[in-house]
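The structure file final29.cif is reproduced below (mmCIF, C-alpha atoms).
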data_entry
#
loop_
_atom_site.label_atom_id
_atom_site.label_comp_id
_atom_site.auth_asym_id
_atom_site.auth_seq_id
_atom_site.Cartn_x
_atom_site.Cartn_y
_atom_site.Cartn_z
CA MET G 1 16.50 -8.89 146.04
CA ASN G 2 17.30 -11.62 148.48
CA PHE G 3 13.95 -11.45 149.97
CA THR G 4 12.35 -11.77 146.61
CA LEU G 5 14.36 -14.92 145.86
CA ASN G 6 13.33 -16.50 149.11
CA PHE G 7 9.80 -15.60 148.49
CA LEU G 8 9.92 -17.27 145.06
CA ASP G 9 11.62 -20.36 146.48
CA PHE G 10 8.97 -20.63 149.06
CA PHE G 11 6.27 -20.69 146.42
CA LYS G 12 8.16 -23.18 144.31
CA LEU G 13 8.42 -25.54 147.25
CA LYS G 14 4.80 -25.08 148.15
CA PHE G 15 3.76 -25.81 144.56
CA ARG G 16 5.89 -28.94 144.36
CA LEU G 17 4.40 -30.32 147.53
CA PHE G 18 0.92 -29.45 146.44
CA SER G 19 1.26 -31.11 143.07
CA LYS G 20 2.73 -34.21 144.64
CA ARG G 21 -0.21 -34.43 146.99
CA LEU G 22 -2.54 -33.92 144.10
CA PHE G 23 -0.78 -36.64 142.19
CA LEU G 24 -1.04 -39.08 145.03
CA LYS G 25 -4.61 -38.18 145.61
CA GLY G 26 -5.19 -38.64 141.92
CA ILE G 27 -3.95 -42.18 141.91
CA PHE G 28 -5.81 -42.91 145.06
CA MET G 29 -9.03 -41.37 143.74
CA ASP G 30 -8.72 -43.01 140.36
CA LYS G 31 -9.62 -46.42 141.64
CA LYS G 32 -12.35 -45.11 143.84
CA LYS G 33 -13.70 -43.02 141.01
CA MET G 34 -13.75 -45.98 138.72
CA LYS G 35 -15.79 -47.94 141.20
CA ILE G 36 -18.22 -45.09 141.58
CA LEU G 37 -18.36 -44.69 137.85
CA VAL G 38 -19.15 -48.36 137.35
CA VAL G 39 -21.89 -48.25 139.94
CA VAL G 40 -23.33 -45.04 138.51
CA ASP G 41 -23.09 -46.47 135.02
CA VAL G 42 -24.96 -49.59 136.01
CA VAL G 43 -27.65 -47.56 137.73
CA ILE G 44 -28.03 -45.24 134.74
CA LEU G 45 -28.07 -48.18 132.39
CA VAL G 46 -30.82 -49.93 134.28
CA ALA G 47 -32.77 -46.69 134.48
CA LEU G 48 -32.31 -46.07 130.77
CA ILE G 49 -33.42 -49.56 129.83
CA ILE G 50 -36.54 -49.11 131.94
CA ILE G 51 -37.20 -45.74 130.31
CA LEU G 52 -36.52 -47.28 126.91
CA MET G 53 -39.05 -50.02 127.48
CA THR G 54 -41.67 -47.68 128.85
CA LEU G 55 -41.24 -45.12 126.10
CA LYS G 56 -41.14 -47.82 123.46
CA GLY G 57 -44.69 -48.87 124.29
CA GLY G 58 -45.75 -45.24 124.59
CA TYR G 59 -44.24 -44.16 121.29
CA GLU G 60 -45.55 -47.19 119.47
CA GLU G 61 -49.04 -46.69 120.82
CA GLN G 62 -48.98 -42.95 120.14
CA ALA G 63 -47.61 -43.36 116.62
CA LYS G 64 -50.27 -45.94 115.78
CA ARG G 65 -53.02 -43.90 117.33
CA THR G 66 -52.13 -40.59 115.70
CA ALA G 67 -51.61 -42.27 112.32
CA ASN G 68 -54.97 -44.02 112.57
CA GLU G 69 -56.73 -40.86 113.72
CA GLN G 70 -55.29 -38.79 110.92
CA GLU G 71 -55.95 -41.51 108.39
CA SER G 72 -59.58 -41.93 109.30
CA ALA G 73 -60.10 -38.16 109.44
CA TYR G 74 -58.74 -37.85 105.91
CA LEU G 75 -60.66 -40.84 104.57
CA GLU G 76 -63.83 -39.50 106.12
CA LYS G 77 -63.36 -36.08 104.50
CA ASN G 78 -62.39 -37.70 101.25
CA THR G 79 -65.36 -40.04 101.13
CA GLN G 80 -67.67 -37.15 101.96
CA VAL G 81 -66.86 -35.64 98.56
CA LEU G 82 -67.99 -38.82 96.82
CA VAL G 83 -71.10 -38.88 98.98
CA GLU G 84 -71.91 -35.34 97.92
CA GLN G 85 -71.25 -36.22 94.29
CA TRP G 86 -73.58 -39.21 94.52
CA ARG G 87 -76.39 -37.12 95.99
CA SER G 88 -75.80 -34.42 93.37
CA VAL G 89 -76.04 -37.01 90.63
CA ASP G 90 -79.33 -38.15 92.17
CA GLN G 91 -80.74 -34.62 91.96
CA TYR G 92 -79.28 -34.17 88.51
CA SER G 93 -80.87 -37.41 87.30
CA MET G 94 -84.26 -36.60 88.79
CA ALA G 95 -84.15 -33.14 87.22
CA TRP G 96 -83.47 -34.54 83.74
CA LYS G 97 -86.20 -37.10 84.14
CA LEU G 98 -88.59 -34.38 85.25
CA VAL G 99 -87.70 -32.09 82.34
CA TYR G 100 -88.14 -35.00 79.95
CA THR G 101 -91.47 -36.05 81.50
CA VAL G 102 -92.85 -32.52 81.51
CA LEU G 103 -91.83 -31.94 77.90
CA SER G 104 -93.18 -35.23 76.63
CA GLY G 105 -96.37 -35.43 78.68
CA ALA G 106 -99.26 -33.18 79.58
CA LYS G 107 -98.34 -29.51 79.94
CA SER G 108 -100.43 -28.54 82.97
CA GLU G 109 -99.17 -27.52 86.40
CA ALA G 110 -100.96 -30.51 87.86
CA ALA G 111 -98.99 -32.78 85.53
CA PHE G 112 -95.77 -31.18 86.78
CA LYS G 113 -96.77 -31.86 90.36
CA SER G 114 -97.64 -35.48 89.78
CA ALA G 115 -94.54 -36.10 87.65
CA LEU G 116 -92.33 -34.67 90.40
CA ALA G 117 -94.05 -36.76 93.07
CA THR G 118 -93.74 -39.92 90.98
CA ILE G 119 -90.06 -39.35 90.26
CA GLU G 120 -89.12 -38.49 93.84
CA SER G 121 -90.99 -41.38 95.41
CA ASP G 122 -89.63 -44.10 93.09
CA LYS G 123 -86.42 -44.77 94.97
CA ASP G 124 -85.57 -47.93 93.05
CA ALA G 125 -85.69 -46.02 89.78
CA ARG G 126 -83.54 -43.25 91.26
CA PHE G 127 -80.89 -45.70 92.34
CA LYS G 128 -81.06 -47.45 88.99
CA GLN G 129 -80.53 -44.19 87.12
CA ILE G 130 -77.56 -43.11 89.27
CA SER G 131 -76.05 -46.58 89.12
CA HIS G 132 -76.48 -46.62 85.36
CA LEU G 133 -74.55 -43.36 85.04
CA TYR G 134 -71.79 -44.64 87.33
CA THR G 135 -71.55 -47.96 85.49
CA GLY G 136 -71.38 -46.11 82.19
CA ALA G 137 -68.56 -44.00 83.64
CA GLY G 138 -66.63 -47.16 84.52
CA ILE G 139 -67.30 -47.41 88.27
CA ASN G 140 -67.84 -50.99 89.38
CA ASP G 141 -70.71 -52.21 91.55
CA ALA G 142 -68.60 -52.71 94.67
CA VAL G 143 -67.45 -49.08 94.65
CA GLN G 144 -70.98 -47.88 93.86
CA ASN G 145 -72.41 -49.86 96.74
CA GLY G 146 -69.73 -48.52 99.05
CA ILE G 147 -70.72 -44.96 98.22
CA TYR G 148 -74.44 -45.75 98.31
CA GLN G 149 -74.10 -47.26 101.81
CA LYS G 150 -72.86 -43.90 103.06
CA ALA G 151 -74.77 -41.54 100.80
CA GLY G 152 -78.17 -43.13 100.33
CA LEU G 153 -80.24 -40.88 98.12
CA ALA G 154 -80.54 -37.09 98.19
CA GLU G 155 -82.69 -36.04 101.11
CA GLY G 156 -85.84 -33.97 100.90
CA THR G 157 -87.47 -32.67 97.77
CA ILE G 158 -85.74 -31.12 94.78
CA LEU G 159 -88.53 -28.57 94.53
CA LEU G 160 -86.98 -25.27 95.61
CA LYS G 161 -89.68 -22.83 94.65
CA ASN G 162 -93.29 -23.65 94.07
CA GLU G 163 -95.29 -20.61 93.14
CA LYS G 164 -98.17 -20.39 90.77
CA GLY G 165 -96.58 -19.95 87.38
CA THR G 166 -93.00 -20.53 88.48
CA LYS G 167 -91.36 -23.68 89.73
CA GLU G 168 -87.71 -24.14 90.48
CA VAL G 169 -86.06 -27.48 90.86
CA ALA G 170 -82.60 -28.34 92.17
CA CYS G 171 -80.55 -30.33 89.70
CA GLY G 172 -77.43 -30.99 91.76
CA LYS G 173 -74.86 -28.76 93.37
CA ASN G 174 -75.29 -25.15 92.16
CA CYS G 175 -77.83 -26.12 89.52
CA VAL G 176 -81.43 -24.95 89.13
CA VAL G 177 -84.05 -25.71 86.47
CA LYS G 178 -86.90 -23.25 85.98
CA PHE G 179 -90.37 -24.14 84.76
CA SER G 180 -92.71 -21.27 83.82
CA TYR G 181 -96.44 -21.64 83.42
CA ALA G 182 -98.94 -19.19 82.03
CA LYS G 183 -102.62 -19.78 82.79
CA GLY G 184 -101.82 -23.29 83.99
CA LYS G 185 -100.07 -24.23 80.75
CA LEU G 186 -96.37 -24.84 80.35
CA LYS G 187 -94.73 -21.81 78.76
CA ASN G 188 -91.04 -22.51 79.08
CA VAL G 189 -88.52 -24.84 80.66
CA ASP G 190 -85.12 -23.35 81.26
CA TYR G 191 -82.79 -26.27 81.77
CA SER G 192 -79.63 -24.59 80.48
CA ALA G 193 -78.03 -25.13 83.90
CA LEU G 194 -78.44 -28.86 83.39
CA VAL G 195 -76.91 -28.74 79.93
CA GLN G 196 -73.94 -26.86 81.37
CA TYR G 197 -73.82 -28.90 84.53
CA ASN G 198 -70.27 -29.38 85.74
CA LEU G 199 -69.29 -30.78 89.10
CA ALA G 200 -65.56 -30.56 88.44
CA ASN G 201 -65.45 -26.95 89.65
CA SER G 202 -67.42 -27.40 92.83
CA LEU G 203 -66.25 -30.78 94.11
CA LYS G 204 -62.61 -31.45 94.75
CA ILE G 205 -60.66 -34.06 96.63
CA GLU G 206 -57.91 -32.48 98.69
CA LYS G 207 -54.46 -34.02 98.82
CA PRO G 208 -53.66 -35.60 102.17
CA ALA G 209 -51.92 -33.31 104.67
CA GLU G 210 -48.51 -34.19 106.14
CA TYR G 211 -48.57 -36.73 108.95
CA HIS G 212 -47.73 -35.18 112.31
CA PHE G 213 -46.75 -36.96 115.49
CA GLU G 214 -48.21 -35.06 118.39
CA MET U 1 -7.06 -51.89 134.98
CA ASN U 2 -9.89 -54.34 134.65
CA LEU U 3 -12.20 -52.05 136.53
CA LYS U 4 -11.13 -49.22 134.26
CA ASN U 5 -12.03 -51.19 131.15
CA ILE U 6 -15.37 -52.15 132.58
CA SER U 7 -16.17 -48.57 133.50
CA ILE U 8 -15.20 -47.37 130.02
CA ALA U 9 -17.29 -50.07 128.37
CA LEU U 10 -20.26 -49.28 130.59
CA THR U 11 -20.00 -45.56 129.87
CA VAL U 12 -19.96 -46.23 126.15
CA LEU U 13 -22.96 -48.48 126.60
CA VAL U 14 -24.80 -45.75 128.50
CA PHE U 15 -24.26 -43.30 125.65
CA GLY U 16 -25.31 -45.97 123.17
CA VAL U 17 -28.55 -46.56 125.01
CA ILE U 18 -29.18 -42.80 125.21
CA ALA U 19 -28.72 -42.61 121.45
CA MET U 20 -31.17 -45.49 121.00
CA LEU U 21 -33.62 -43.66 123.18
CA PHE U 22 -33.60 -40.72 120.81
CA MET U 23 -33.64 -42.85 117.71
CA GLN U 24 -36.52 -45.11 118.62
CA LYS U 25 -38.98 -42.23 118.56
CA GLY U 26 -37.86 -41.38 115.05
CA ASN U 27 -38.33 -44.99 114.03
CA TYR U 28 -41.91 -45.14 115.19
CA VAL U 29 -42.70 -41.77 113.68
CA ASN U 30 -41.29 -42.95 110.35
CA GLN U 31 -43.23 -46.18 110.46
CA ALA U 32 -46.42 -44.31 111.26
CA ARG U 33 -45.75 -41.77 108.52
CA GLU U 34 -45.20 -44.49 105.95
CA HIS U 35 -48.46 -46.18 106.90
CA TYR U 36 -50.33 -42.87 106.86
CA GLU U 37 -48.96 -41.85 103.50
CA ALA U 38 -49.63 -45.23 101.90
CA THR U 39 -53.22 -45.29 103.12
CA THR U 40 -54.12 -41.69 102.38
CA ASN U 41 -52.45 -41.61 98.98
CA LYS U 42 -54.28 -44.75 97.95
CA SER U 43 -57.56 -43.17 99.01
CA PHE U 44 -56.68 -39.90 97.30
CA LYS U 45 -55.90 -41.62 94.01
CA GLY U 46 -58.87 -43.98 94.13
CA ASN U 47 -61.43 -41.36 95.07
CA SER U 48 -60.06 -38.75 92.67
CA MET U 49 -60.40 -41.30 89.92
CA VAL U 50 -64.03 -42.01 90.85
CA LEU U 51 -64.76 -38.28 91.02
CA ASP U 52 -63.22 -37.63 87.60
CA LEU U 53 -64.79 -40.66 85.93
CA VAL U 54 -68.24 -39.70 87.16
CA ASN U 55 -67.72 -36.08 86.11
CA ASN U 56 -66.73 -37.26 82.65
CA GLY U 57 -69.70 -39.62 82.63
CA ILE U 58 -71.96 -36.65 83.39
CA GLU U 59 -70.50 -34.71 80.45
CA MET U 60 -71.67 -37.34 77.99
CA ASN U 61 -74.87 -38.09 79.85
CA LYS U 62 -76.03 -34.47 79.97
CA SER U 63 -75.46 -33.99 76.25
CA THR U 64 -77.48 -37.10 75.46
CA TRP U 65 -80.31 -35.90 77.69
CA ALA U 66 -80.06 -32.48 76.04
CA ILE U 67 -80.61 -34.07 72.63
CA ALA U 68 -83.61 -36.03 73.92
CA CYS U 69 -85.23 -33.00 75.58
CA GLY U 70 -84.28 -30.70 72.69
CA ALA U 71 -85.83 -33.15 70.25
CA LEU U 72 -89.13 -33.10 72.10
CA GLN U 73 -89.36 -29.35 71.54
CA THR U 74 -87.86 -28.73 68.12
CA VAL U 75 -87.44 -31.90 66.07
CA ARG U 76 -89.93 -32.95 63.39
CA THR U 77 -87.90 -34.99 60.93
CA SER U 78 -84.86 -37.24 61.11
CA GLN U 79 -82.81 -34.49 59.48
CA ASP U 80 -83.67 -32.17 62.37
CA MET U 81 -82.60 -34.92 64.70
CA ALA U 82 -79.31 -35.35 62.86
CA ARG U 83 -78.59 -31.62 63.18
CA LEU U 84 -79.35 -31.70 66.89
CA GLU U 85 -77.07 -34.70 67.36
CA ALA U 86 -74.26 -32.98 65.49
CA LYS U 87 -74.61 -29.94 67.74
CA PHE U 88 -73.68 -31.96 70.82
CA PHE U 89 -71.65 -34.77 69.29
CA PRO U 90 -70.03 -33.64 66.04
CA ALA U 91 -68.22 -36.96 65.63
CA THR U 92 -71.10 -39.36 66.30
CA LYS U 93 -74.07 -40.03 64.05
CA GLY U 94 -77.36 -41.71 64.77
CA ASN U 95 -78.58 -44.87 63.04
CA MET U 96 -81.81 -44.68 61.13
CA SER U 97 -84.09 -47.65 60.64
CA LEU U 98 -86.74 -47.07 57.99
CA SER U 99 -88.56 -50.31 58.78
CA ASN U 100 -88.90 -49.47 62.46
CA LYS U 101 -89.23 -45.72 61.78
CA THR U 102 -86.66 -45.04 64.47
CA ARG U 103 -83.43 -43.18 64.75
CA ARG U 104 -81.10 -44.54 67.37
CA PHE U 105 -78.39 -42.30 68.70
CA GLU U 106 -75.61 -43.94 70.68
CA ALA U 107 -73.08 -41.59 72.25
CA SER U 108 -71.72 -44.55 74.21
CA SER U 109 -73.18 -47.89 75.24
CA ALA U 110 -74.65 -46.24 78.34
CA ASN U 111 -75.94 -43.15 76.56
CA VAL U 112 -78.50 -44.17 74.00
CA ILE U 113 -81.75 -42.56 72.90
CA VAL U 114 -84.17 -43.75 70.27
CA ALA U 115 -86.39 -41.31 68.43
CA ASN U 116 -89.64 -42.76 67.11
CA PHE U 117 -91.20 -41.23 64.01
CA ALA U 118 -94.64 -41.67 62.48
CA LYS U 119 -93.86 -41.97 58.78
CA VAL U 120 -91.26 -42.35 56.09
CA GLU U 121 -90.93 -39.48 53.66
CA GLU U 122 -89.25 -39.61 50.29
CA ASP U 123 -87.68 -36.66 48.58
CA LYS U 124 -89.27 -36.60 45.13
CA LYS U 125 -86.20 -35.18 43.42
CA THR U 126 -83.38 -37.15 45.03
CA GLY U 127 -85.26 -40.23 46.16
CA VAL U 128 -83.68 -39.94 49.60
CA LYS U 129 -85.88 -41.38 52.28
CA SER U 130 -86.16 -39.87 55.72
CA LEU U 131 -88.39 -40.08 58.77
CA ALA U 132 -90.93 -37.47 59.73
CA ASP U 133 -93.31 -36.54 62.55
CA LEU U 134 -91.47 -37.28 65.75
CA GLN U 135 -93.74 -39.20 68.08
CA SER U 136 -91.57 -39.81 71.09
CA VAL U 137 -88.03 -40.17 72.30
CA ASP U 138 -87.21 -43.33 74.19
CA VAL U 139 -84.82 -42.66 77.07
CA SER U 140 -85.14 -46.06 78.79
CA ILE U 141 -81.42 -46.71 78.56
CA LEU U 142 -80.58 -43.32 80.08
CA LEU U 143 -82.81 -44.29 82.99
CA GLY U 144 -80.91 -47.54 83.32
CA ASN U 145 -83.92 -49.53 82.18
CA TYR U 146 -82.38 -51.94 79.70
CA ALA U 147 -85.34 -54.33 79.79
CA ALA U 148 -87.70 -51.65 78.50
CA ALA U 149 -85.17 -50.58 75.91
CA ALA U 150 -84.75 -54.13 74.66
CA ALA U 151 -88.50 -54.59 74.42
CA ALA U 152 -88.88 -51.39 72.43
CA SER U 153 -86.32 -52.33 69.81
CA ASP U 154 -87.32 -55.97 69.71
CA ASP U 155 -88.81 -56.07 66.24
CA GLY U 156 -86.17 -56.33 63.54
CA ALA U 157 -82.52 -55.42 63.61
CA ASP U 158 -81.43 -51.89 62.85
CA GLU U 159 -80.78 -51.23 59.26
CA GLU U 160 -78.77 -48.40 57.85
CA GLY U 161 -81.03 -45.94 56.14
CA ALA U 162 -80.38 -43.10 53.82
CA GLU U 163 -80.12 -39.75 55.54
CA GLU U 164 -79.85 -36.12 54.67
#

Representation of the structure as C-alpha cells:
Amino acid sequence: MNFTLNFLDFFKLKFRLFSKRLFLKGIFMDKKKMKILVVVDVVILVALIIILMTLKGGYEEQAKRTANEQESAYLEKNTQVLVEQWRSVDQYSMAWKLVYTVLSGAKSEAAFKSALATIESDKDARFKQISHLYTGAGINDAVQNGIYQKAGLAEGTILLKNEKGTKEVACGKNCVVKFSYAKGKLKNVDYSALVQYNLANSLKIEKPAEYHFE
Amino acid sequence: MNLKNISIALTVLVFGVIAMLFMQKGNYVNQAREHYEATTNKSFKGNSMVLDLVNNGIEMNKSTWAIACGALQTVRTSQDMARLEAKFFPATKGNMSLSNKTRRFEASSANVIVANFAKVEEDKKTGVKSLADLQSVDVSILLGNYAAAAAASDDGADEEGAEE
C-alpha cells in the first residue's frame, strides 16, 4: 500500500516536471516557430505567385487553343453539310434540266448524249440555276458565295449508267433518274425520284458538342 | 506579438493564393466555354436555317419542274394544264392570256413556268374560250434566266382569260 502511494507520487512529480519543461519549451519555441513560419510563408507565397503567373499564361493559352480548335472543327463539319447540299442541288438542277430537254427535244439516244454534255459543260448556267433556287429560298448572295467558294460545283459527271437502252443519271443525294430507250428512241423517263426529292432526311446539321478543356 | 500577427496574415494569404490558383483555371475554362458556345451556336442556327430554307425551296421548285415536265408529256389544252397545276399546287392557279396564247403558272416569284399554246378554242355551247395544242413550256425563270423570260413575255401584258 505504501509502496503503491510512493510509486504514484513519483509519477505525479515526474509528470509535473515534464509538463513544466514542455511549457517552457513551448514558449521558447513559439517565437522561433513564428519566425520559421513567416519565412516559410514568404517562400511559399513567392513560389505560389510564380506558379500562378506561369499557370495563368498556360491556362489562358490552352483554353484559347482548345476552344479555337473545337470551334473550327465544328464549323468545318457544319459547313461541310451546306457544301454537300449545294453540290446535291447542282446535280438536282442538272437532272431536271436534262429531263426537260430530253422531253421537249429530239427523242434519240444521241440527243440525250449531247443534251447531257451541253448541260454539264455550261458551268455558268449551272451556277445560275443553283443560285436562282437559293435566292428564291431566301438565301442572300453573300451566303451563297460563301458556300460556293467552298463547294464549287458537283464534280464529275452525273451519268451513272450508260448502256444501250438504259441511262441512269444522279439527281442529288440518293436520287436517280432513269431514261429507257427502245431502238434508239426514247421510251420512258422515270423521274419520280426527282419529284419526291427530299434532302431533309439525308442531310442534317448536328448540334455542337460540349466544350472540353483538355 | 507583432511577429505572430504577421505570420497569421501571411498564412491566410498563402491559403488565399492557393484558392486563387484553383479558381483561375475555372475562370479560363468558363471564358473559353462561353466563346465556344457563342460561336458554335451561332453557326448551328445560321447553317440550320440555310439548310431548311433550301430544302423548302426545293419542295416548291421540284413541283414546278414536275408540272413543266408533266405538261410536255400529257398536256394538250389549258384545261389539262390547270388540272396538272392543281395536282401539285391545289391553292395556286395559273394565269391565261388569250392574246398571247400562254398560260403562266407562278408558284412563287422564283418558280414560274409559261406554257405556250398554238390556238384558242371556243366551246360552242358555253362560249368559254381556252387554249389548245401545247407547243412548249418555257422554264427560263426556273433556270434563273430572267432576261430570256422577260423577252418571251414582252408582247402585251397578261390578261385574265376564261378557263374551265

(request) Taking the file above as input, evaluate the PyMOL selection byres ((chain U) within 8 of (chain G)) and report the hits as JSON, numbers by chain. (result) {"U": [3, 4, 6, 7, 10, 11, 13, 14, 17, 18, 21, 24, 25, 28, 29, 32, 33, 35, 36, 37, 39, 40, 41, 43, 44, 47, 48, 50, 51, 52, 53, 54, 55, 56, 57, 58, 59, 61, 62, 63, 65, 66, 68, 69, 72, 73, 109, 110, 111, 136, 142, 143, 144, 145]}

Hits from the PyMOL selection byres ((chain G and resi 116) around 9), listed as a CSV table (one decimal) with C-alpha atoms, in the frame of the given file:
chain,number,residue,atom,x,y,z
G,94,MET,CA,-84.3,-36.6,88.8
G,95,ALA,CA,-84.2,-33.1,87.2
G,98,LEU,CA,-88.6,-34.4,85.2
G,111,ALA,CA,-99.0,-32.8,85.5
G,112,PHE,CA,-95.8,-31.2,86.8
G,113,LYS,CA,-96.8,-31.9,90.4
G,114,SER,CA,-97.6,-35.5,89.8
G,115,ALA,CA,-94.5,-36.1,87.6
G,117,ALA,CA,-94.0,-36.8,93.1
G,118,THR,CA,-93.7,-39.9,91.0
G,119,ILE,CA,-90.1,-39.4,90.3
G,120,GLU,CA,-89.1,-38.5,93.8
G,121,SER,CA,-91.0,-41.4,95.4
G,158,ILE,CA,-85.7,-31.1,94.8
G,159,LEU,CA,-88.5,-28.6,94.5

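Counting only C-alpha atoms and comparing U:Leu98, U:Ala118, U:Ile113, U:Ala150, the residue that lies closest to Ser130 in chain U is U:Leu98.
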
Range 171-181 of chain G environment, 6 Å, all atoms listed in the file, sequence neighbours closer than 6 positions dropped, as a PDB file with C-alpha atoms, in the frame of the given file:
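After the write, part_4.pdb holds the following:
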ATOM      1  CA  SER G  88     -75.800 -34.420  93.370  1.00  0.00           C
ATOM      2  CA  GLN G  91     -80.740 -34.620  91.960  1.00  0.00           C
ATOM      3  CA  TYR G  92     -79.280 -34.170  88.510  1.00  0.00           C
ATOM      4  CA  ALA G  95     -84.150 -33.140  87.220  1.00  0.00           C
ATOM      5  CA  GLY G 165     -96.580 -19.950  87.380  1.00  0.00           C
ATOM      6  CA  LYS G 187     -94.730 -21.810  78.760  1.00  0.00           C
ATOM      7  CA  ASN G 188     -91.040 -22.510  79.080  1.00  0.00           C
ATOM      8  CA  VAL G 189     -88.520 -24.840  80.660  1.00  0.00           C
ATOM      9  CA  ASP G 190     -85.120 -23.350  81.260  1.00  0.00           C
ATOM     10  CA  TYR G 191     -82.790 -26.270  81.770  1.00  0.00           C
ATOM     11  CA  ALA G 193     -78.030 -25.130  83.900  1.00  0.00           C
TER      12      ALA G 193
END

(request) Write out as a list of chain:residue names each polymer residue whose atoms come within 8 Å of Glu85 in chain U, counting all atoms listed in the file; drop sequence neighbours fewer than 4 positions from it. (result) U:Ile67, U:Met81, U:Phe89, U:Pro90, U:Thr92, U:Lys93, U:Gly94, U:Phe105

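Across the model, the gap from CA of Lys32 in chain G to CA of Val12 in chain U is 19.3 Å.
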
(message) For a test of reading the model, state the distance in Å between CA of Lys167 in chain G and CA of Glu109 in chain G, rounded to one decimal.
(response) 9.3 Å

(request) Excluding Leu84 in chain U and residues on its chain fewer than 6 positions from it, collect all residues at most 9 Å away from it, counting all atoms listed in the file, and give them as a PyMOL selection string. (result) chain U and resi 67+70-71+75

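With CA of Lys183 in chain G on one side and CA of Asp122 in chain G on the other, the separation reads 29.4 Å.
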